[in-house]
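Colleague: Dropping in run-v8.txt, with compact mmCIF, C-alpha atoms and all ligand atoms.
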```
# COMPACT_ATOMS: atom_id res chain seq x y z
CA MET A 891 -1.20 -71.40 -29.87
CA GLU A 892 -4.69 -70.06 -30.56
CA THR A 893 -5.10 -66.59 -29.03
CA ILE A 894 -8.34 -65.15 -27.73
CA LEU A 895 -8.45 -62.99 -30.87
CA ASP A 896 -8.31 -66.14 -33.01
CA GLN A 897 -11.11 -67.63 -30.91
CA ILE A 898 -13.32 -64.56 -31.39
CA ALA A 899 -12.59 -64.61 -35.14
CA VAL A 900 -13.65 -68.26 -35.25
CA CYS A 901 -16.89 -67.37 -33.42
CA VAL A 902 -17.64 -64.76 -36.10
CA GLU A 903 -16.71 -67.19 -38.90
CA ARG A 904 -18.88 -69.96 -37.43
CA GLY A 905 -21.70 -67.69 -36.17
CA LYS A 906 -21.29 -68.63 -32.51
CA VAL A 907 -23.05 -65.77 -30.70
CA ASN A 908 -22.86 -66.80 -27.03
CA VAL A 909 -22.57 -69.80 -24.73
CA GLN A 910 -26.32 -70.47 -24.88
CA SER A 911 -26.60 -70.48 -28.66
CA PRO A 912 -27.08 -74.00 -30.04
CA HIS A 913 -25.47 -73.04 -33.36
CA PRO A 914 -23.12 -74.42 -34.59
CA ALA A 915 -23.80 -77.87 -33.12
CA ASP A 916 -20.11 -78.75 -32.66
CA MET A 917 -19.57 -75.62 -30.52
CA LYS A 918 -22.55 -76.24 -28.19
CA GLY A 919 -21.76 -75.17 -24.61
CA MET A 920 -18.63 -73.28 -25.64
CA ASP A 921 -18.13 -69.55 -25.10
CA GLY A 922 -19.25 -67.39 -28.02
CA ALA A 923 -18.27 -63.97 -29.38
CA ASP A 924 -20.15 -62.41 -26.46
CA GLU A 925 -18.23 -64.08 -23.61
CA LEU A 926 -14.86 -64.10 -25.37
CA THR A 927 -15.01 -60.39 -26.18
CA LYS A 928 -15.74 -59.62 -22.53
CA LYS A 929 -12.84 -61.85 -21.46
CA ALA A 930 -10.49 -60.21 -23.96
CA LEU A 931 -11.39 -56.73 -22.71
CA ASP A 932 -11.07 -57.83 -19.08
CA SER A 933 -7.60 -59.16 -19.80
CA GLY A 934 -6.53 -55.85 -21.32
CA VAL A 935 -6.78 -56.45 -25.06
CA VAL A 936 -7.27 -53.10 -26.80
CA PRO A 937 -10.79 -52.67 -28.32
CA GLY A 938 -9.39 -51.52 -31.67
CA THR A 939 -7.34 -54.72 -31.86
CA ILE A 940 -10.42 -56.85 -31.19
CA LEU A 941 -12.25 -54.95 -33.93
CA SER A 942 -9.57 -55.28 -36.61
CA LYS A 943 -7.79 -58.55 -35.73
CA ALA A 944 -10.83 -60.60 -34.67
CA LEU A 945 -14.11 -59.14 -35.94
CA ILE A 946 -13.18 -57.65 -39.30
CA ALA A 947 -10.70 -60.48 -39.94
CA GLY A 948 -13.39 -63.08 -39.16
CA MET A 949 -15.93 -61.35 -41.36
CA GLN A 950 -13.46 -61.26 -44.27
CA VAL A 951 -13.25 -65.05 -44.10
CA VAL A 952 -17.06 -65.25 -44.09
CA GLY A 953 -17.25 -63.05 -47.18
CA GLN A 954 -14.70 -65.21 -48.99
CA GLN A 955 -16.49 -68.45 -48.08
CA PHE A 956 -19.84 -66.98 -49.17
CA ARG A 957 -18.34 -65.93 -52.50
CA ASN A 958 -16.97 -69.46 -52.99
CA ASN A 959 -20.38 -71.01 -52.17
CA GLU A 960 -18.83 -72.81 -49.20
CA ILE A 961 -21.43 -71.28 -46.85
CA TYR A 962 -24.93 -69.88 -47.38
CA LEU A 963 -26.99 -66.84 -46.40
CA PRO A 964 -28.19 -68.18 -42.99
CA ASP A 965 -24.52 -68.75 -42.07
CA VAL A 966 -23.70 -65.17 -43.02
CA LEU A 967 -26.61 -63.94 -40.89
CA MET A 968 -25.31 -65.89 -37.88
CA ALA A 969 -21.85 -64.43 -38.46
CA ALA A 970 -23.38 -60.94 -38.46
CA LYS A 971 -25.19 -61.75 -35.20
CA ALA A 972 -21.96 -62.89 -33.56
CA MET A 973 -20.14 -59.78 -34.74
CA THR A 974 -22.94 -57.54 -33.47
CA ALA A 975 -22.87 -59.23 -30.04
CA SER A 976 -19.17 -58.48 -29.79
CA MET A 977 -19.51 -54.90 -31.02
CA GLU A 978 -21.95 -54.12 -28.20
CA TYR A 979 -19.02 -54.51 -25.76
CA LEU A 980 -16.68 -52.42 -27.89
CA ARG A 981 -19.05 -49.50 -28.47
CA PRO A 982 -18.54 -47.82 -25.04
CA TYR A 983 -14.76 -47.81 -25.55
CA PHE A 984 -15.19 -45.85 -28.76
CA GLN A 985 -17.32 -43.26 -26.99
CA SER A 986 -15.01 -40.99 -25.07
CA GLY A 987 -16.13 -39.76 -21.66
CA GLU A 988 -15.40 -36.21 -22.65
CA VAL A 989 -18.34 -34.66 -24.53
CA LYS A 990 -16.93 -32.63 -27.40
CA HIS A 991 -19.90 -32.10 -29.75
CA LYS A 992 -17.83 -31.23 -32.80
CA GLY A 993 -20.97 -31.18 -34.93
CA LYS A 994 -23.70 -33.39 -36.32
CA VAL A 995 -23.35 -36.13 -38.91
CA ILE A 996 -26.18 -38.11 -40.45
CA ILE A 997 -25.36 -41.62 -41.61
CA GLY A 998 -27.28 -44.39 -43.32
CA THR A 999 -27.01 -47.41 -45.58
CA VAL A 1000 -28.57 -46.48 -48.92
CA ALA A 1001 -31.86 -47.63 -50.41
CA GLY A 1002 -32.11 -51.35 -51.16
CA ASP A 1003 -29.15 -52.26 -48.96
CA LEU A 1004 -29.48 -54.02 -45.59
CA HIS A 1005 -25.79 -54.25 -44.64
CA ASP A 1006 -25.27 -52.26 -41.47
CA ILE A 1007 -22.18 -53.60 -39.69
CA GLY A 1008 -19.68 -51.36 -41.50
CA LYS A 1009 -21.91 -48.33 -41.05
CA LYS A 1010 -22.16 -49.04 -37.32
CA ILE A 1011 -18.38 -49.21 -37.08
CA VAL A 1012 -18.02 -45.91 -38.93
CA SER A 1013 -20.59 -44.38 -36.51
CA MET A 1014 -18.60 -45.68 -33.55
CA PHE A 1015 -15.48 -43.90 -34.81
CA PHE A 1016 -17.38 -40.63 -35.30
CA GLU A 1017 -19.09 -40.77 -31.90
CA GLY A 1018 -15.88 -41.72 -30.18
CA ASP A 1019 -14.23 -38.61 -31.56
CA GLY A 1020 -16.94 -36.24 -30.40
CA TRP A 1021 -19.39 -36.08 -33.32
CA ASP A 1022 -23.14 -36.37 -32.75
CA VAL A 1023 -24.30 -39.15 -35.05
CA ILE A 1024 -27.86 -39.50 -36.30
CA ASP A 1025 -28.05 -43.04 -37.66
CA LEU A 1026 -30.94 -43.49 -40.09
CA GLY A 1027 -30.42 -47.25 -40.29
CA VAL A 1028 -30.53 -49.30 -43.48
CA ASP A 1029 -32.44 -49.06 -46.77
CA VAL A 1030 -32.53 -45.26 -46.59
CA ASN A 1031 -33.97 -43.40 -49.59
CA PHE A 1032 -33.33 -39.75 -50.48
CA ASP A 1033 -36.59 -38.55 -48.86
CA LYS A 1034 -35.41 -39.81 -45.51
CA TYR A 1035 -31.98 -38.18 -45.86
CA LEU A 1036 -33.57 -34.86 -46.89
CA GLN A 1037 -36.04 -34.98 -44.02
CA ALA A 1038 -33.25 -35.70 -41.53
CA ILE A 1039 -31.07 -32.87 -42.90
CA LYS A 1040 -34.02 -30.46 -42.54
CA GLU A 1041 -34.52 -31.59 -38.96
CA HIS A 1042 -30.91 -31.84 -37.71
CA HIS A 1043 -28.86 -29.36 -39.83
CA PRO A 1044 -25.77 -31.62 -39.98
CA TYR A 1045 -22.28 -30.69 -41.13
CA ALA A 1046 -22.14 -33.85 -43.25
CA VAL A 1047 -24.10 -36.87 -44.43
CA GLY A 1048 -22.49 -40.32 -44.74
CA LEU A 1049 -23.77 -42.86 -47.26
CA SER A 1050 -22.74 -46.50 -47.01
CA ALA A 1051 -23.32 -49.29 -49.57
CA LEU A 1052 -22.08 -52.88 -49.78
CA LEU A 1053 -23.68 -54.02 -53.02
CA THR A 1054 -22.79 -53.04 -56.57
CA THR A 1055 -26.55 -52.99 -57.20
CA THR A 1056 -27.22 -50.44 -54.43
CA MET A 1057 -24.17 -48.18 -54.66
CA ILE A 1058 -25.75 -46.77 -57.83
CA ASN A 1059 -28.52 -45.32 -55.62
CA MET A 1060 -25.87 -43.05 -54.11
CA GLU A 1061 -25.90 -40.95 -57.26
CA THR A 1062 -29.56 -39.91 -56.93
CA ILE A 1063 -29.27 -39.43 -53.17
CA THR A 1064 -26.15 -37.28 -53.55
CA SER A 1065 -27.63 -35.10 -56.29
CA LYS A 1066 -30.89 -34.58 -54.35
CA ILE A 1067 -28.94 -33.57 -51.24
CA LYS A 1068 -26.61 -31.26 -53.16
CA ALA A 1069 -29.53 -29.63 -55.04
CA LYS A 1070 -31.32 -28.73 -51.81
CA TYR A 1071 -28.44 -28.40 -49.32
CA PRO A 1072 -25.27 -27.52 -51.30
CA ASP A 1073 -23.31 -26.72 -48.12
CA VAL A 1074 -23.87 -30.13 -46.52
CA LYS A 1075 -20.89 -32.40 -47.20
CA VAL A 1076 -21.67 -35.80 -48.69
CA MET A 1077 -19.31 -38.62 -47.70
CA VAL A 1078 -19.52 -42.06 -49.29
CA GLY A 1079 -17.95 -45.40 -48.44
CA GLY A 1080 -18.37 -49.16 -48.55
CA ALA A 1081 -16.56 -52.11 -50.07
CA PRO A 1082 -17.61 -51.81 -53.76
CA LEU A 1083 -16.92 -48.06 -54.03
CA THR A 1084 -13.97 -46.31 -55.61
CA LYS A 1085 -12.64 -42.76 -55.47
CA GLU A 1086 -13.44 -42.37 -59.18
CA TYR A 1087 -17.05 -43.39 -58.64
CA ALA A 1088 -17.42 -41.00 -55.70
CA GLU A 1089 -16.04 -38.13 -57.80
CA ARG A 1090 -18.32 -38.98 -60.70
CA ILE A 1091 -21.48 -38.82 -58.58
CA GLY A 1092 -20.45 -35.51 -56.98
CA ALA A 1093 -19.69 -36.74 -53.46
CA ASP A 1094 -17.33 -34.55 -51.43
CA MET A 1095 -15.41 -37.45 -49.94
CA TYR A 1096 -14.72 -41.15 -50.41
CA SER A 1097 -12.89 -43.24 -47.87
CA PRO A 1098 -12.41 -47.01 -47.82
CA ASP A 1099 -12.28 -46.93 -44.02
CA PRO A 1100 -13.74 -45.10 -40.99
CA GLN A 1101 -10.44 -43.38 -40.19
CA GLY A 1102 -10.35 -41.53 -43.53
CA ALA A 1103 -13.94 -40.38 -43.14
CA LEU A 1104 -13.21 -39.15 -39.61
CA GLU A 1105 -10.11 -37.25 -40.78
CA TYR A 1106 -12.23 -35.54 -43.43
CA LEU A 1107 -14.84 -34.53 -40.84
CA ASN A 1108 -12.23 -33.23 -38.42
CA ALA A 1109 -10.45 -31.25 -41.12
CA GLY A 1110 -13.67 -29.36 -41.83
CA ALA A 1111 -14.82 -28.95 -38.22
CA LYS A 1112 -14.78 -25.41 -36.94
CO1 LIG B 1 -24.12 -59.65 -47.94
N1 LIG B 1 -23.01 -59.42 -49.54
N2 LIG B 1 -25.69 -59.94 -49.07
N3 LIG B 1 -25.06 -59.99 -46.28
N4 LIG B 1 -22.46 -59.70 -47.11
C1 LIG B 1 -21.62 -59.03 -49.35
C2 LIG B 1 -21.47 -57.51 -49.33
C3 LIG B 1 -20.89 -59.73 -50.58
C4 LIG B 1 -19.58 -59.04 -51.02
C5 LIG B 1 -20.66 -61.22 -50.25
C6 LIG B 1 -19.95 -61.99 -51.32
O1 LIG B 1 -20.51 -62.26 -52.33
N5 LIG B 1 -18.72 -62.34 -51.10
C7 LIG B 1 -22.00 -59.65 -51.63
C8 LIG B 1 -22.03 -58.38 -52.48
C9 LIG B 1 -21.59 -58.59 -53.92
C10 LIG B 1 -21.57 -57.28 -54.62
O2 LIG B 1 -22.56 -56.64 -54.83
N6 LIG B 1 -20.37 -56.86 -54.98
C11 LIG B 1 -23.24 -59.78 -50.78
C12 LIG B 1 -24.51 -60.20 -51.26
C13 LIG B 1 -24.57 -60.67 -52.70
C14 LIG B 1 -25.67 -60.20 -50.44
C15 LIG B 1 -27.10 -60.59 -50.86
C16 LIG B 1 -27.57 -60.05 -52.21
C17 LIG B 1 -27.17 -62.13 -50.80
C18 LIG B 1 -28.48 -62.72 -51.27
O3 LIG B 1 -29.53 -62.38 -50.82
N7 LIG B 1 -28.33 -63.61 -52.23
C19 LIG B 1 -27.94 -59.99 -49.68
C20 LIG B 1 -28.39 -58.56 -49.98
C21 LIG B 1 -29.36 -58.04 -48.94
C22 LIG B 1 -29.56 -56.55 -49.11
O4 LIG B 1 -28.75 -55.76 -48.61
N8 LIG B 1 -30.60 -56.17 -49.82
C23 LIG B 1 -26.95 -60.01 -48.57
C24 LIG B 1 -27.29 -60.13 -47.23
C25 LIG B 1 -26.40 -60.15 -46.19
C26 LIG B 1 -26.81 -60.39 -44.72
C27 LIG B 1 -28.12 -59.71 -44.35
C28 LIG B 1 -26.94 -61.89 -44.53
C29 LIG B 1 -25.54 -59.89 -43.95
C30 LIG B 1 -25.62 -58.44 -43.45
C31 LIG B 1 -26.03 -58.36 -41.99
C32 LIG B 1 -25.87 -56.98 -41.43
O5 LIG B 1 -25.16 -56.13 -41.93
N9 LIG B 1 -26.59 -56.79 -40.34
C33 LIG B 1 -24.45 -59.93 -45.04
C34 LIG B 1 -23.05 -59.88 -44.78
C35 LIG B 1 -22.66 -59.95 -43.32
C36 LIG B 1 -22.09 -59.79 -45.82
C37 LIG B 1 -20.54 -59.87 -45.72
C38 LIG B 1 -20.17 -61.34 -45.50
C39 LIG B 1 -19.90 -59.02 -44.66
C40 LIG B 1 -20.28 -57.53 -44.69
C41 LIG B 1 -19.69 -56.90 -43.45
O6 LIG B 1 -20.37 -56.69 -42.47
N10 LIG B 1 -18.35 -56.70 -43.49
C42 LIG B 1 -20.10 -59.33 -47.15
C43 LIG B 1 -18.77 -59.88 -47.64
C44 LIG B 1 -17.60 -59.04 -47.15
O7 LIG B 1 -17.68 -57.84 -47.09
N11 LIG B 1 -16.52 -59.67 -46.81
C45 LIG B 1 -21.33 -59.47 -47.92
C46 LIG B 1 -17.61 -56.22 -42.33
C47 LIG B 1 -17.62 -54.70 -42.28
C48 LIG B 1 -16.79 -54.24 -41.08
O8 LIG B 1 -17.02 -54.20 -43.45
O9 LIG B 1 -19.23 -53.39 -44.41
O10 LIG B 1 -17.10 -53.30 -45.81
P1 LIG B 1 -17.76 -53.21 -44.48
O11 LIG B 1 -17.49 -51.75 -43.86
C49 LIG B 1 -16.18 -51.22 -43.76
C50 LIG B 1 -15.73 -50.42 -45.02
O12 LIG B 1 -16.41 -50.77 -46.21
C51 LIG B 1 -15.91 -48.99 -44.61
O13 LIG B 1 -15.68 -49.01 -43.20
C52 LIG B 1 -16.24 -50.20 -42.65
C53 LIG B 1 -15.49 -50.58 -41.40
O14 LIG B 1 -14.19 -50.99 -41.65
N12 LIG B 1 -17.19 -48.31 -44.84
C54 LIG B 1 -17.23 -46.95 -44.92
C55 LIG B 1 -18.45 -48.77 -44.91
N13 LIG B 1 -19.32 -47.77 -45.05
C56 LIG B 1 -18.60 -46.63 -45.05
C57 LIG B 1 -18.99 -45.30 -45.14
C58 LIG B 1 -17.99 -44.31 -45.09
C59 LIG B 1 -16.65 -44.65 -44.99
C60 LIG B 1 -16.25 -45.98 -44.87
O15 LIG B 1 -18.25 -43.00 -45.16
C61 LIG B 1 -19.59 -42.57 -45.14
```
What does this structure look like when you write it as structure tokens?
Ligand code: B1M

Modeller:
Amino acid sequence: METILDQIAVCVERGKVNVQSPHPADMKGMDGADELTKKALDSGVVPGTILSKALIAGMQVVGQQFRNNEIYLPDVLMAAKAMTASMEYLRPYFQSGEVKHKGKVIIGTVAGDLHDIGKKIVSMFFEGDGWDVIDLGVDVNFDKYLQAIKEHHPYAVGLSALLTTTMINMETITSKIKAKYPDVKVMVGGAPLTKEYAERIGADMYSPDPQGALEYLNAGAK
């Protein structure tokens, strides 16, 4: 039997945002990621389960289909929209009521790269655990990171990249940050990265997932 998690995953795969959205034509009038996420939460499904078993699982299928040329860029954009609609409901659950203010973290997707879903998830984990997150958005060059560090005095800066062509920009950004602010920790992550690459460019931490990055932050928090 298809569970509500399967249904949400299908909405991400097919780019069905909400009941009003006309896309895809064969799902017209049906609930989308928006309504189904709300229903899942109302019926007691844990937010972390919706994130991993429906949203991330659905997006993995999208990535595979895109790689195989079975779907095209507009389809991927619709999938991202559906995932974002769902994440809006999950965000409050990742933000604990208790204000802890462990410290500040700046995060951004590096220059040339427009992928922001993973970065938003990482931010949700940080915020939920009591870190103040300054999200610089996407396509962030070193000037913007340096300016933000000057302004906010963070404990760490997180760089995210999803493209092999943009992860190389992490090297310049990391070296500029380290040259001017050697005490600020630089954390890197994103699908194409490896631990070896992170070490080579002088980053303090690499994690393939938000949990690892959060553990690193918490280990260093005073
Ligand atoms: Co793009 N795209 N895309 N895309 N896209 C990928 C990344 C790709 C792998 C698809 C594929 O070919 N199968 C491929 C990259 C190939 C490569 O370089 N190796 C690709 C390509 C080629 C492109 C374009 C070049 C396509 C084109 O124009 N021809 C183009 C580039 C645009 C640009 O950035 N300049 C492009 C565009 C887009 C959209 C705009 C349509 C859209 C993004 C929308 C958005 O983000 N608002 C999009 C999407 C959605 C994807 C896929 C399908 C999904 C990405 C995603 O959101 N994953 C992706 C294929 C895939 O990954 N399966 C693909 C879900 C997300 C939860 O995971 O982002 O990996 P992820 O984040 C994870 C971890 O990586 C980690 O934690 C996160 C949460 O679990 N993590 C960190 C991330 N950052 C971290 C930082 C940390 C620690 C952990 O510490 C600081």

Colleague: Which protein, DNA or RNA residues are at most 10 Å from (-29.2, -30.9, -39.9) in the file's coordinates when you count all atoms listed in the file, listed as a ChimeraX atom specification?

Modeller: /A:993-996,1024,1035-1047,1071,1074

Colleague: Hey, what's within 7 Å of Ala923 in chain A if we count all atoms listed in the file and toss same-chain stuff fewer than 2 positions away? As a JSON list (two decimals) with C-alpha atoms, keeping the file's coordinate frame, please?

Modeller:
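The resulting selection_35.json:
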```json
[["chain", "number", "residue", "atom", "x", "y", "z"],
["A", 898, "ILE", "CA", -13.32, -64.56, -31.39],
["A", 901, "CYS", "CA", -16.89, -67.37, -33.42],
["A", 902, "VAL", "CA", -17.64, -64.76, -36.10],
["A", 906, "LYS", "CA", -21.29, -68.63, -32.51],
["A", 907, "VAL", "CA", -23.05, -65.77, -30.70],
["A", 908, "ASN", "CA", -22.86, -66.80, -27.03],
["A", 925, "GLU", "CA", -18.23, -64.08, -23.61],
["A", 926, "LEU", "CA", -14.86, -64.10, -25.37],
["A", 927, "THR", "CA", -15.01, -60.39, -26.18],
["A", 972, "ALA", "CA", -21.96, -62.89, -33.56],
["A", 975, "ALA", "CA", -22.87, -59.23, -30.04],
["A", 976, "SER", "CA", -19.17, -58.48, -29.79]]
```

Colleague: Under the rule that only C-alpha atoms and all ligand atoms are counted, which of A:Glu1089, A:Asp1029, A:Glu978, A:Asp1006 is the nearest residue to ligand LIG 1 (chain B)?

Modeller: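 Comparing A:Glu1089, A:Asp1029, A:Glu978, A:Asp1006 against ligand LIG 1 (chain B), the winner is A:Asp1006.
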
Colleague: Using all atoms listed in the file, find each protein or nucleic acid residue lying at most 7 Å from ligand LIG 1 (chain B); present the set as a ChimeraX atom specification.

Modeller: /A:946,949-954,956-957,963-964,966-967,969-970,997,1002-1009,1011-1012,1048-1055,1077-1082,1096-1100,1103

Colleague: Here is a test: counting all atoms listed in the file, which residue of A:Val1023, A:Ala1088, A:Ala930, A:Val1076 is nearest to Tyr979 in chain A?

Modeller: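 Ranked by minimum distance to Tyr979 in chain A, first place goes to A:Ala930.
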
Colleague: Between CA of Gly1027 in chain A and CA of Ser1013 in chain A, what is the distance in Å, rounded to a tenth?

Modeller: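 Between these atoms lies a distance of 10.9 Å.
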
Colleague: To one decimal place in Å, what is the distance between CA of Lys1010 in chain A and CA of Met920 in chain A?

Modeller: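 The value is 27.1 Å.
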